[in-house]
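**Student:** What follows is a single structure, and I will ask about it in a moment.
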Amino acid sequence: MNNFIKKGQNILLDKYIGFFFVAVFFLWMKTYITQLTQFNLGIESPIQQFLLFLNPLGSALIFLGFAFFFKGRKKYISLMVIYFLMSFLLYANVVYYRSFTDFITLPTLTMTQNFADVSKSVTSLLRPYDLLFFIDFIILIGLLAFKFVKIEMKDFGRRKIVAVFSLGLAISCANLGLAEADRPQLLTRGFDRNYIVKYLGMYNYTMYDAVQSTKASAQRVMADSNDTTEVINFTQSNYAEPNPETFGIGKDMNVIYLHLESIQTFLMNYELHGEEVTPFLNSLIEEENTTYFDNFFHQTAQGKTADAEFMLENSLYGLPQGSAFTMKGMNTYQAAPAILKNHGYTSAVFHGNSGTFWNRNEIYKAFGYDRFYDSNYYNMDPSDLTDYGLMDKPFFEQSQAYLDELPQPFYSKFITVTHHYPYPISEEDASIEPHTTGDKSVDTYFQTARYADEALEEFFNYLKESGLYDNSIIVMYGDHYGISSNHNRAMSEVLDKEITEFEDTGLQRVPLFIRVPGMEGGINHEFTGQIDLKPTLLHLLGIDAKDYIHFGTDIFSEQHDDLIPFRNGDFVSSTITSISGKYYDSKTGELIEDEERIAEGEKLNEIVEQKLAYSDKVVNGDLLRFYTPENFTPADRSDYDYSEFENHNEQDISKDITNEKK
């Protein structure tokens with residue numbers, strides 16, 4: 001017996017194959033535990049639980065198996081390098097998931113220009129126990145460093161290497177077969193990364209993502225005008241005729257978009273400590289010329305704010321992986337600024353952050369924006385800064401002089417940043433006490449929302465005093481959720497109810513306010529999303545959207561399509577809500593089990609997949625270069641230089657503001 005134990009110890013410590021399988025076991029168990037505890041994957045059956053347990057094993061055998069191709073000591077070094085890279089990939093996804101409830105894709109790794117801006121937010125996502133993600137790596141290094149493991153110099157023959165890879169491939173193939181049986185067309189049908197990780201594991205998901213990203217990049221080379229014809233036929237067949245009562249009601253008016261960073265609809269009329277959190281926005285719900293939409297949904301994916309902008313300017317969906325802003329900045333677009341330029345409009349964006357963030361200083365040229373006032377145009381006093389740039393109050397205050405300079409009519413957009421995760425705010429700037437859930441980012445969320453609300457009120461006062469209020473269409477939209485589903489425990493306390501899958505989908509509602517002077521307002525319950533903003537605005541301005549390729553429909557039209565796709569393939573509508581392949585009644589929230597209604601949900605699901613696929617085809621293939629509508633001139637990037645307007649320098653603007661305060 002002792003000889004048997006001793007022999008086993010010799011294999012484990014003195015043979016490379018033993019050390020290899022120890023490493024495989026460690027990585028397998030760590031990945032399984034991480035996938036089980038750190039991600040909300042929606043495990044619903046014993047087979048899914050088994051697959052979650054199984055899927056890291058095949059990946060660990062295959063990836064760590066590449067170390068067998070090295071000789072001597074190098075196979076130990078390469079094994080540890082691969083082990084560390086896989087551990088780091090796993091941990092990076094954990095940190096990313098804490099913020100975005102999503103997984104890293106290859107395109108997100110290319111967004112290096114954003115890293116400096118988000119570094120402060122990243123630190124808030126770290127946890128004291130995070131060291132445990134690397135404790136196994138440290139143990140393996142210790143076994144080598146302190147010579148508990150004897151270095152075996154003997155190299156392995158081809159048969160043994162093939163055997164290891166065959167075992168890994170057999171496990172992975174069995175994994176895929178079981179996954180396909182439980183979720184048919186897993187790799188070909190769904191847009192949801194959650195499914196891929198749940199069924200195939202983190203490492204196989206990474207490979208799948210790399211393949212999908214490569215295919216998307218190749219689409220532009222393969223695209224031709226025939227692809228455009230197919231898309232035009234689809235969008236034309238889904239066109240919604242404008243409402244005669246609202247078409248052209250805002251003709252020749254200025255347009256002011258106000259970006260409500262991370263504001264969610266549940267904040268409207270929400271009271272905390274006996275006070276309204278957003279009293280100014282609440283007052284606009286009752287304003288006579290303002291229409292408030294209480295079933296307006298954000299449809300963003302990994303691009304978040306950039307995706308929201310992309311949709312409202314183009315009525316094209318954001319990409320399933322990464323951001324169109326960073327990946328498709330050189331494409332041809334039929335964006336609202338370029339369309340309105342042909343109708344005599346000047347256009348400008350105002351943003352108190354670096355122009356390179358989300359590649360805005362490049363893609364805005366493709367949209368046809370005449371001017372981009374980024375942080376170079378503002379007095380960036382350190383006391384007025386938050387993690388993502390200039391706080392809202394000084395931002396709006398300093399923007400006034402630039403807005404006054406714009407030739408009218410103008411199309412403008414103001415991007416605010418104070419109400420951004422992780423919602424830091426000083427006692428001096430906070431005018432309401434935090435919530436009491438014990439979840440820090442949830443608790444301070446209400447304080448920065450109040451600050452943002454106060455900043456908006458101050459800006460509205462300026463608009464009224466300047467006369468712009470009576471000659472401008474004002475559109476205020478929430479860009480994306482502020483509180484992710486990772487905080488549902490705290491949110492159940494905030495809302496005093498359990499946050500189910502259906503309730504969590506409902507929390508993707510964000511506010512939409514459209515104020516048009518002379519147009520009767522009120523609360524509109526139509527189901528709508530960010531994809532609908534462009535055709536809606538064009539019709540309010542009296543410009544028919546029919547000739548342009550877009551995937552939204554005019555919200556005020558009798559033919560408005562209330563099917564709202566999400567980027568992961570789920571959807572909401574006034575009748576049916578689809579979540580993770582299950583259908584719910586949109587009014588009651590009850591799971592649909594009636595076969596007839598399930599069939600109805602399946603038909604809607606097919607339409608959603610078609611819309612998303614066609615939109616991706618347009619963006620990835622850059623198809624708009626093949627089609628120019630009549631009376632439209634695409635933006636020429638060489639016409640735009642966002643530094644040329646900087647002659648109104650920071651000292652002058654600061655002096656103007658100081659004089660106004662006096």
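To be explicit about the labels: the chains of the structure tokens are called A, B, and onward in the order shown, and within each one the residues are counted from 1, while ligands get numbers from 1 in the order they are shown.
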At most 12 Å is the cut-off: for each residue in region 548-583 of chain A with any atom that close to an atom of region 610-620 of chain A, write down the nearest atom pair and the distance in Å rounded to one decimal, counting only C-alpha atoms, chain first then increasing number, as a Markdown table.
**Tutor:**
```
| residue | atom | partner | partner_atom | distance |
| --- | --- | --- | --- | --- |
| A:Ile549 | CA | A:Val618 | CA | 9.0 |
| A:His550 | CA | A:Ser615 | CA | 8.3 |
| A:Phe551 | CA | A:Lys611 | CA | 7.1 |
| A:Gly552 | CA | A:Lys611 | CA | 9.8 |
| A:Leu563 | CA | A:Lys611 | CA | 10.5 |
| A:Ile564 | CA | A:Lys611 | CA | 10.2 |
| A:Pro565 | CA | A:Leu612 | CA | 7.8 |
| A:Phe566 | CA | A:Leu612 | CA | 8.8 |
| A:Arg567 | CA | A:Leu612 | CA | 7.5 |
| A:Asn568 | CA | A:Leu612 | CA | 9.5 |
| A:Gly569 | CA | A:Leu612 | CA | 8.1 |
| A:Asp570 | CA | A:Leu612 | CA | 11.0 |
| A:Phe571 | CA | A:Leu612 | CA | 11.3 |
```
**Student:** Write out, as a PDB file, in the first residue's frame, the residues just selected, with N, CA and C atoms.
**Tutor:**
```
ATOM      1  N   ILE A 549     -32.475  54.244 -45.234  1.00  0.00           N
ATOM      2  CA  ILE A 549     -32.446  52.910 -44.644  1.00  0.00           C
ATOM      3  C   ILE A 549     -32.403  53.040 -43.128  1.00  0.00           C
ATOM      4  N   HIS A 550     -33.460  52.617 -42.483  1.00  0.00           N
ATOM      5  CA  HIS A 550     -33.484  52.615 -41.024  1.00  0.00           C
ATOM      6  C   HIS A 550     -34.417  51.509 -40.554  1.00  0.00           C
ATOM      7  N   PHE A 551     -34.263  51.125 -39.272  1.00  0.00           N
ATOM      8  CA  PHE A 551     -34.998  49.977 -38.751  1.00  0.00           C
ATOM      9  C   PHE A 551     -36.020  50.354 -37.687  1.00  0.00           C
ATOM     10  N   GLY A 552     -36.154  51.650 -37.406  1.00  0.00           N
ATOM     11  CA  GLY A 552     -37.189  52.103 -36.495  1.00  0.00           C
ATOM     12  C   GLY A 552     -38.372  52.656 -37.261  1.00  0.00           C
ATOM     13  N   LEU A 563     -42.779  46.362 -31.685  1.00  0.00           N
ATOM     14  CA  LEU A 563     -41.877  45.256 -31.370  1.00  0.00           C
ATOM     15  C   LEU A 563     -40.477  45.834 -31.137  1.00  0.00           C
ATOM     16  N   ILE A 564     -39.965  45.666 -29.933  1.00  0.00           N
ATOM     17  CA  ILE A 564     -38.695  46.287 -29.543  1.00  0.00           C
ATOM     18  C   ILE A 564     -37.636  45.206 -29.325  1.00  0.00           C
ATOM     19  N   PRO A 565     -36.761  44.982 -30.301  1.00  0.00           N
ATOM     20  CA  PRO A 565     -35.711  43.968 -30.129  1.00  0.00           C
ATOM     21  C   PRO A 565     -34.606  44.451 -29.196  1.00  0.00           C
ATOM     22  N   PHE A 566     -34.069  43.534 -28.421  1.00  0.00           N
ATOM     23  CA  PHE A 566     -32.854  43.784 -27.665  1.00  0.00           C
ATOM     24  C   PHE A 566     -31.699  43.098 -28.399  1.00  0.00           C
ATOM     25  N   ARG A 567     -30.517  43.555 -28.104  1.00  0.00           N
ATOM     26  CA  ARG A 567     -29.361  43.099 -28.849  1.00  0.00           C
ATOM     27  C   ARG A 567     -29.041  41.622 -28.611  1.00  0.00           C
ATOM     28  N   ASN A 568     -29.503  41.050 -27.507  1.00  0.00           N
ATOM     29  CA  ASN A 568     -29.251  39.629 -27.235  1.00  0.00           C
ATOM     30  C   ASN A 568     -30.314  38.716 -27.845  1.00  0.00           C
ATOM     31  N   GLY A 569     -31.267  39.300 -28.609  1.00  0.00           N
ATOM     32  CA  GLY A 569     -32.307  38.506 -29.247  1.00  0.00           C
ATOM     33  C   GLY A 569     -33.612  38.459 -28.483  1.00  0.00           C
ATOM     34  N   ASP A 570     -33.615  38.895 -27.214  1.00  0.00           N
ATOM     35  CA  ASP A 570     -34.876  39.033 -26.478  1.00  0.00           C
ATOM     36  C   ASP A 570     -35.660  40.201 -27.069  1.00  0.00           C
ATOM     37  N   PHE A 571     -36.928  40.329 -26.679  1.00  0.00           N
ATOM     38  CA  PHE A 571     -37.704  41.470 -27.160  1.00  0.00           C
ATOM     39  C   PHE A 571     -38.850  41.766 -26.208  1.00  0.00           C
TER      40      PHE A 571
END
```
**Student:** For His419 (chain A), which residue out of A:Asp182, A:Asp554, A:Asp439, A:Asp479 is the nearest one, using only C-alpha atoms?
**Tutor:**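 Of A:Asp182, A:Asp554, A:Asp439, A:Asp479, the one nearest His419 (chain A) is A:Asp479, counting only C-alpha atoms.
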**Student:** For the structure I just gave you, how does DSSP split region 498-563 of chain A - specifically, which residues are helix (DSSP H, G or I)? Reply as a ChimeraX atom specification.
**Tutor:** /A:501-506,530-540
**Student:** Could you pull the residues within 10 Å of region 30-36 of chain A, counting only C-alpha atoms, minus those fewer than 5 positions along the same chain, as a PDB file with C-alpha atoms, in the first residue's frame?
**Tutor:**
```pdb
ATOM      1  CA  VAL A  24      -5.927  20.996 -15.374  1.00  0.00           C
ATOM      2  CA  PHE A  25      -7.853  20.073 -12.220  1.00  0.00           C
ATOM      3  CA  LEU A  41     -26.301  32.390 -16.184  1.00  0.00           C
ATOM      4  CA  GLY A  42     -29.847  31.250 -15.476  1.00  0.00           C
ATOM      5  CA  ILE A  43     -29.211  27.561 -14.730  1.00  0.00           C
ATOM      6  CA  GLN A  49     -25.885  22.322 -14.229  1.00  0.00           C
ATOM      7  CA  LEU A  51     -22.795  21.180 -18.608  1.00  0.00           C
ATOM      8  CA  LEU A  52     -21.626  24.118 -16.489  1.00  0.00           C
ATOM      9  CA  PHE A  53     -19.548  21.638 -14.487  1.00  0.00           C
ATOM     10  CA  LEU A  54     -18.232  19.799 -17.556  1.00  0.00           C
ATOM     11  CA  ASN A  55     -17.432  22.569 -20.027  1.00  0.00           C
ATOM     12  CA  PRO A  56     -14.219  23.931 -18.400  1.00  0.00           C
ATOM     13  CA  LEU A  57     -12.597  20.472 -18.431  1.00  0.00           C
ATOM     14  CA  ALA A  60      -8.452  23.162 -19.852  1.00  0.00           C
ATOM     15  CA  MET A  86      -6.592  31.782 -18.939  1.00  0.00           C
ATOM     16  CA  SER A  87      -6.922  32.796 -15.283  1.00  0.00           C
ATOM     17  CA  LEU A  90     -11.592  34.539 -16.480  1.00  0.00           C
ATOM     18  CA  TYR A  91     -10.981  37.251 -13.874  1.00  0.00           C
ATOM     19  CA  VAL A  94     -15.693  38.698 -13.744  1.00  0.00           C
ATOM     20  CA  LEU A 132      -8.496  34.037  -4.550  1.00  0.00           C
ATOM     21  CA  PHE A 133      -8.840  34.015  -8.343  1.00  0.00           C
ATOM     22  CA  PHE A 134      -5.062  33.602  -8.530  1.00  0.00           C
ATOM     23  CA  ILE A 135      -4.311  31.561  -5.400  1.00  0.00           C
ATOM     24  CA  ASP A 136      -4.168  28.352  -7.447  1.00  0.00           C
ATOM     25  CA  VAL A 197     -21.010  30.753 -21.628  1.00  0.00           C
ATOM     26  CA  LYS A 198     -23.679  28.693 -19.857  1.00  0.00           C
ATOM     27  CA  GLY A 201     -17.982  27.718 -20.939  1.00  0.00           C
ATOM     28  CA  MET A 202     -15.902  30.863 -20.777  1.00  0.00           C
ATOM     29  CA  TYR A 203     -12.956  29.667 -22.877  1.00  0.00           C
TER      30      TYR A 203
END
```
**Student:** Do you have the CA of Leu456 (chain A)-CA of Glu520 (chain A) distance handy?
**Tutor:**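 CA of Glu520 (chain A) lies 22.0 Å from CA of Leu456 (chain A).
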**Student:** Using only C-alpha atoms, which residues sit within 9 Å of Asn254 (chain A) once same-chain residues fewer than 6 positions away are excluded, as a PyMOL selection string?
**Tutor:** chain A and resi 345+408-412+468+471-474
**Student:** List the neighbours of Val349 (chain A) out to 8 Å using only C-alpha atoms; skip same-chain residues closer than 2 positions along the sequence, and give me the result as number ranges by chain.
**Tutor:** A: 347, 351, 369, 371-373, 412-415
**Student:** Dump N, CA, C and O atoms for the selected residues as an mmCIF file, in the first residue's frame?
**Tutor:**
```
data_model
loop_
_atom_site.group_PDB
_atom_site.id
_atom_site.type_symbol
_atom_site.label_atom_id
_atom_site.label_comp_id
_atom_site.auth_asym_id
_atom_site.auth_seq_id
_atom_site.Cartn_x
_atom_site.Cartn_y
_atom_site.Cartn_z
ATOM 1 N N SER A 347 -25.027 71.598 -37.211
ATOM 2 C CA SER A 347 -25.090 70.560 -36.183
ATOM 3 C C SER A 347 -23.887 70.622 -35.258
ATOM 4 O O SER A 347 -22.780 71.005 -35.668
ATOM 5 N N HIS A 351 -19.858 67.895 -25.198
ATOM 6 C CA HIS A 351 -19.498 66.802 -24.293
ATOM 7 C C HIS A 351 -18.251 67.194 -23.505
ATOM 8 O O HIS A 351 -17.202 67.452 -24.096
ATOM 9 N N TYR A 369 -21.547 65.799 -38.409
ATOM 10 C CA TYR A 369 -21.609 66.861 -37.405
ATOM 11 C C TYR A 369 -20.636 67.974 -37.772
ATOM 12 O O TYR A 369 -19.441 67.732 -37.977
ATOM 13 N N ARG A 371 -19.746 70.572 -35.812
ATOM 14 C CA ARG A 371 -18.896 70.971 -34.692
ATOM 15 C C ARG A 371 -18.989 69.939 -33.566
ATOM 16 O O ARG A 371 -20.031 69.334 -33.354
ATOM 17 N N PHE A 372 -17.869 69.779 -32.868
ATOM 18 C CA PHE A 372 -17.818 68.892 -31.712
ATOM 19 C C PHE A 372 -17.053 69.610 -30.612
ATOM 20 O O PHE A 372 -15.844 69.782 -30.683
ATOM 21 N N TYR A 373 -17.791 70.053 -29.605
ATOM 22 C CA TYR A 373 -17.195 70.742 -28.470
ATOM 23 C C TYR A 373 -16.877 69.707 -27.394
ATOM 24 O O TYR A 373 -17.743 69.324 -26.607
ATOM 25 N N SER A 412 -28.576 69.819 -32.256
ATOM 26 C CA SER A 412 -27.545 69.746 -31.220
ATOM 27 C C SER A 412 -27.803 68.586 -30.271
ATOM 28 O O SER A 412 -28.936 68.122 -30.110
ATOM 29 N N LYS A 413 -26.724 68.163 -29.633
ATOM 30 C CA LYS A 413 -26.818 67.063 -28.672
ATOM 31 C C LYS A 413 -25.887 67.353 -27.505
ATOM 32 O O LYS A 413 -24.713 67.691 -27.701
ATOM 33 N N PHE A 414 -26.409 67.213 -26.295
ATOM 34 C CA PHE A 414 -25.642 67.452 -25.075
ATOM 35 C C PHE A 414 -25.507 66.135 -24.307
ATOM 36 O O PHE A 414 -26.511 65.530 -23.922
ATOM 37 N N ILE A 415 -24.260 65.711 -24.086
ATOM 38 C CA ILE A 415 -24.000 64.435 -23.419
ATOM 39 C C ILE A 415 -23.493 64.705 -22.011
ATOM 40 O O ILE A 415 -22.405 65.257 -21.815
#
```
**Student:** Find the residues of region 513-551 of chain A that sit at most 10 Å from region 314-329 of chain A; for each, write down the nearest two atoms and how far apart they are in Å, to one decimal. Count only C-alpha atoms. Sort by chain, then by number going up, and give it as CSV.
**Tutor:**
```
residue,atom,partner,partner_atom,distance
A:Gln530,CA,A:Ser315,CA,7.8
A:Ile531,CA,A:Ser315,CA,4.8
A:Asp532,CA,A:Ser315,CA,6.5
A:Leu533,CA,A:Ser315,CA,7.2
A:Lys534,CA,A:Ser315,CA,5.8
A:Pro535,CA,A:Ser315,CA,7.5
A:Tyr548,CA,A:Asn314,CA,9.4
A:Ile549,CA,A:Ser315,CA,8.1
A:His550,CA,A:Ser315,CA,4.9
A:Phe551,CA,A:Ser315,CA,5.6
```
**Student:** Please produce an output containing C-alpha atoms for each residue in the selection, written as an mmCIF file, in the first residue's frame.
**Tutor:**
```cif
data_model
loop_
_atom_site.group_PDB
_atom_site.id
_atom_site.type_symbol
_atom_site.label_atom_id
_atom_site.label_comp_id
_atom_site.auth_asym_id
_atom_site.auth_seq_id
_atom_site.Cartn_x
_atom_site.Cartn_y
_atom_site.Cartn_z
ATOM 1 C CA GLN A 530 -34.184 54.115 -29.199
ATOM 2 C CA ILE A 531 -34.242 52.717 -32.735
ATOM 3 C CA ASP A 532 -37.411 54.795 -33.372
ATOM 4 C CA LEU A 533 -36.001 58.235 -32.563
ATOM 5 C CA LYS A 534 -34.540 59.158 -35.974
ATOM 6 C CA PRO A 535 -37.659 58.571 -38.139
ATOM 7 C CA TYR A 548 -33.508 56.316 -45.900
ATOM 8 C CA ILE A 549 -32.446 52.910 -44.644
ATOM 9 C CA HIS A 550 -33.484 52.615 -41.024
ATOM 10 C CA PHE A 551 -34.998 49.977 -38.751
#
```
**Student:** Need the shell around region 239-246 of chain A: protein/DNA/RNA residues with any atom at most 10 Å away, counting only C-alpha atoms. Skip same-chain ones fewer than 6 positions apart. Format as an NGL selection string?
**Tutor:** :A and (516 or 519-520 or 535-536 or 538-561)
**Student:** For the residues in the current selection, export C-alpha atoms as a PDB file, in the first residue's frame.
**Tutor:**
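Contents of the output file again-v4.pdb:
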```pdb
ATOM      1  CA  VAL A 516     -42.550  70.413 -29.468  1.00  0.00           C
ATOM      2  CA  MET A 519     -47.986  70.307 -30.037  1.00  0.00           C
ATOM      3  CA  GLU A 520     -50.310  68.840 -27.432  1.00  0.00           C
ATOM      4  CA  PRO A 535     -37.659  58.571 -38.139  1.00  0.00           C
ATOM      5  CA  THR A 536     -39.814  60.180 -35.439  1.00  0.00           C
ATOM      6  CA  LEU A 538     -37.486  63.588 -39.188  1.00  0.00           C
ATOM      7  CA  HIS A 539     -41.272  63.399 -39.483  1.00  0.00           C
ATOM      8  CA  LEU A 540     -41.750  66.077 -36.802  1.00  0.00           C
ATOM      9  CA  LEU A 541     -39.487  68.287 -38.910  1.00  0.00           C
ATOM     10  CA  GLY A 542     -41.519  67.550 -42.033  1.00  0.00           C
ATOM     11  CA  ILE A 543     -38.865  65.356 -43.672  1.00  0.00           C
ATOM     12  CA  ASP A 544     -40.124  62.020 -44.998  1.00  0.00           C
ATOM     13  CA  ALA A 545     -37.906  59.206 -43.716  1.00  0.00           C
ATOM     14  CA  LYS A 546     -39.036  56.727 -46.357  1.00  0.00           C
ATOM     15  CA  ASP A 547     -36.025  57.006 -48.670  1.00  0.00           C
ATOM     16  CA  TYR A 548     -33.508  56.316 -45.900  1.00  0.00           C
ATOM     17  CA  ILE A 549     -32.446  52.910 -44.644  1.00  0.00           C
ATOM     18  CA  HIS A 550     -33.484  52.615 -41.024  1.00  0.00           C
ATOM     19  CA  PHE A 551     -34.998  49.977 -38.751  1.00  0.00           C
ATOM     20  CA  GLY A 552     -37.189  52.103 -36.495  1.00  0.00           C
ATOM     21  CA  THR A 553     -40.617  53.600 -37.153  1.00  0.00           C
ATOM     22  CA  ASP A 554     -42.224  56.939 -36.301  1.00  0.00           C
ATOM     23  CA  ILE A 555     -43.602  56.666 -32.764  1.00  0.00           C
ATOM     24  CA  PHE A 556     -46.524  58.971 -33.570  1.00  0.00           C
ATOM     25  CA  SER A 557     -47.526  56.984 -36.657  1.00  0.00           C
ATOM     26  CA  GLU A 558     -50.633  54.803 -36.602  1.00  0.00           C
ATOM     27  CA  GLN A 559     -48.414  52.149 -38.235  1.00  0.00           C
ATOM     28  CA  HIS A 560     -45.690  52.329 -35.585  1.00  0.00           C
ATOM     29  CA  ASP A 561     -44.149  48.913 -34.934  1.00  0.00           C
TER      30      ASP A 561
END
```
**Student:** Which neighbours of Cys173 (chain A) fall inside 12 Å, counting only C-alpha atoms, when residues of the same chain fewer than 3 positions from it are skipped, and could you give them as a count of residues only?
**Tutor:** 20
**Student:** Based on the backbone DSSP call, show me all residues of region 427-499 of chain A assigned strand (DSSP E or B), as a PDB file with all heavy atoms, in the first residue's frame.
**Tutor:**
```
ATOM      1  N   SER A 472     -37.674  75.432 -30.364  1.00  0.00           N
ATOM      2  CA  SER A 472     -36.823  74.239 -30.412  1.00  0.00           C
ATOM      3  C   SER A 472     -37.604  72.987 -30.031  1.00  0.00           C
ATOM      4  O   SER A 472     -38.408  73.011 -29.088  1.00  0.00           O
ATOM      5  CB  SER A 472     -35.623  74.380 -29.456  1.00  0.00           C
ATOM      6  OG  SER A 472     -34.826  75.492 -29.782  1.00  0.00           O
ATOM      7  N   ILE A 473     -37.359  71.917 -30.767  1.00  0.00           N
ATOM      8  CA  ILE A 473     -37.808  70.593 -30.342  1.00  0.00           C
ATOM      9  C   ILE A 473     -36.783  70.074 -29.343  1.00  0.00           C
ATOM     10  O   ILE A 473     -35.585  70.023 -29.644  1.00  0.00           O
ATOM     11  CB  ILE A 473     -37.899  69.624 -31.544  1.00  0.00           C
ATOM     12  CG1 ILE A 473     -38.959  70.102 -32.536  1.00  0.00           C
ATOM     13  CG2 ILE A 473     -38.210  68.205 -31.075  1.00  0.00           C
ATOM     14  CD1 ILE A 473     -39.015  69.258 -33.809  1.00  0.00           C
ATOM     15  N   ILE A 474     -37.231  69.735 -28.158  1.00  0.00           N
ATOM     16  CA  ILE A 474     -36.325  69.226 -27.127  1.00  0.00           C
ATOM     17  C   ILE A 474     -36.635  67.748 -26.902  1.00  0.00           C
ATOM     18  O   ILE A 474     -37.766  67.388 -26.581  1.00  0.00           O
ATOM     19  CB  ILE A 474     -36.472  70.006 -25.812  1.00  0.00           C
ATOM     20  CG1 ILE A 474     -36.196  71.503 -26.044  1.00  0.00           C
ATOM     21  CG2 ILE A 474     -35.527  69.454 -24.745  1.00  0.00           C
ATOM     22  CD1 ILE A 474     -36.466  72.365 -24.829  1.00  0.00           C
ATOM     23  N   VAL A 475     -35.622  66.912 -27.099  1.00  0.00           N
ATOM     24  CA  VAL A 475     -35.774  65.473 -26.897  1.00  0.00           C
ATOM     25  C   VAL A 475     -34.817  65.044 -25.788  1.00  0.00           C
ATOM     26  O   VAL A 475     -33.602  65.233 -25.901  1.00  0.00           O
ATOM     27  CB  VAL A 475     -35.463  64.674 -28.173  1.00  0.00           C
ATOM     28  CG1 VAL A 475     -35.677  63.182 -27.930  1.00  0.00           C
ATOM     29  CG2 VAL A 475     -36.317  65.154 -29.335  1.00  0.00           C
ATOM     30  N   MET A 476     -35.366  64.501 -24.718  1.00  0.00           N
ATOM     31  CA  MET A 476     -34.543  63.982 -23.620  1.00  0.00           C
ATOM     32  C   MET A 476     -34.721  62.470 -23.565  1.00  0.00           C
ATOM     33  O   MET A 476     -35.851  61.986 -23.486  1.00  0.00           O
ATOM     34  CB  MET A 476     -34.945  64.619 -22.295  1.00  0.00           C
ATOM     35  CG  MET A 476     -34.673  66.111 -22.231  1.00  0.00           C
ATOM     36  SD  MET A 476     -34.935  66.793 -20.586  1.00  0.00           S
ATOM     37  CE  MET A 476     -36.703  66.633 -20.473  1.00  0.00           C
ATOM     38  N   TYR A 477     -33.626  61.751 -23.590  1.00  0.00           N
ATOM     39  CA  TYR A 477     -33.693  60.290 -23.640  1.00  0.00           C
ATOM     40  C   TYR A 477     -32.704  59.673 -22.645  1.00  0.00           C
ATOM     41  O   TYR A 477     -31.592  60.163 -22.462  1.00  0.00           O
ATOM     42  CB  TYR A 477     -33.362  59.784 -25.051  1.00  0.00           C
ATOM     43  CG  TYR A 477     -31.925  60.038 -25.473  1.00  0.00           C
ATOM     44  CD1 TYR A 477     -30.967  59.020 -25.379  1.00  0.00           C
ATOM     45  CD2 TYR A 477     -31.516  61.281 -25.954  1.00  0.00           C
ATOM     46  CE1 TYR A 477     -29.651  59.255 -25.748  1.00  0.00           C
ATOM     47  CE2 TYR A 477     -30.211  61.517 -26.327  1.00  0.00           C
ATOM     48  CZ  TYR A 477     -29.277  60.504 -26.219  1.00  0.00           C
ATOM     49  OH  TYR A 477     -27.970  60.739 -26.588  1.00  0.00           O
ATOM     50  N   GLY A 478     -33.131  58.600 -21.993  1.00  0.00           N
ATOM     51  CA  GLY A 478     -32.210  57.815 -21.182  1.00  0.00           C
ATOM     52  C   GLY A 478     -31.371  56.943 -22.087  1.00  0.00           C
ATOM     53  O   GLY A 478     -31.885  56.344 -23.042  1.00  0.00           O
TER      54      GLY A 478
END
```
**Student:** Within 8 Å of region 272-289 of chain A, which residues of region 467-572 of chain A show up? Give each one with its shortest atom-to-atom distance in Å (one decimal) and the two atoms involved, counting only C-alpha atoms, rows by chain then rising residue number, as CSV.
**Tutor:**
```
residue,atom,partner,partner_atom,distance
A:Phe513,CA,A:Ile285,CA,7.8
A:Arg515,CA,A:Asn289,CA,5.5
A:Val516,CA,A:Asn289,CA,5.9
A:Pro517,CA,A:Asn289,CA,5.9
A:Gly518,CA,A:Asn289,CA,6.3
A:Met519,CA,A:Asn289,CA,5.4
A:Glu520,CA,A:Asn289,CA,5.1
A:Gly521,CA,A:Asn289,CA,4.5
A:Gly522,CA,A:Glu286,CA,6.7
A:Ile523,CA,A:Ile285,CA,7.0
```
**Student:** Output C-alpha atoms for every residue in that selection, as a PDB file, in the first residue's frame.
**Tutor:**
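As written to disk, result30.pdb reads:
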```pdb
ATOM      1  CA  PHE A 513     -39.517  63.277 -23.313  1.00  0.00           C
ATOM      2  CA  ARG A 515     -41.297  68.665 -26.332  1.00  0.00           C
ATOM      3  CA  VAL A 516     -42.550  70.413 -29.468  1.00  0.00           C
ATOM      4  CA  PRO A 517     -43.849  73.990 -29.120  1.00  0.00           C
ATOM      5  CA  GLY A 518     -47.492  74.075 -30.141  1.00  0.00           C
ATOM      6  CA  MET A 519     -47.986  70.307 -30.037  1.00  0.00           C
ATOM      7  CA  GLU A 520     -50.310  68.840 -27.432  1.00  0.00           C
ATOM      8  CA  GLY A 521     -48.414  66.671 -24.969  1.00  0.00           C
ATOM      9  CA  GLY A 522     -49.374  64.031 -22.423  1.00  0.00           C
ATOM     10  CA  ILE A 523     -48.345  60.549 -21.318  1.00  0.00           C
TER      11      ILE A 523
END
```
**Student:** Report, in Å with one decimal, the straight-line distance from CA of Leu537 (chain A) to CA of His525 (chain A).
**Tutor:**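 Going from CA of Leu537 (chain A) over to CA of His525 (chain A), I get 18.2 Å.
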**Student:** Separation of CA of Thr418 (chain A) and CA of Asp453 (chain A), in Å?
**Tutor:** 10.5 Å
**Student:** Out of A:Thr346, A:Gln212, A:Ser580, A:Asn461, which residue has the shortest atom-to-atom distance to Glu405 (chain A) when counting only C-alpha atoms?
**Tutor:**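 For Glu405 (chain A), the nearest of the given residues is A:Thr346.
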**Student:** So, with only C-alpha atoms as the atoms that count, which of A:Thr356, A:Thr437, A:Asn342, A:Gln447 lies closest to Pro634 (chain A)?
**Tutor:**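 Closest to Pro634 (chain A) of all the choices is A:Asn342.
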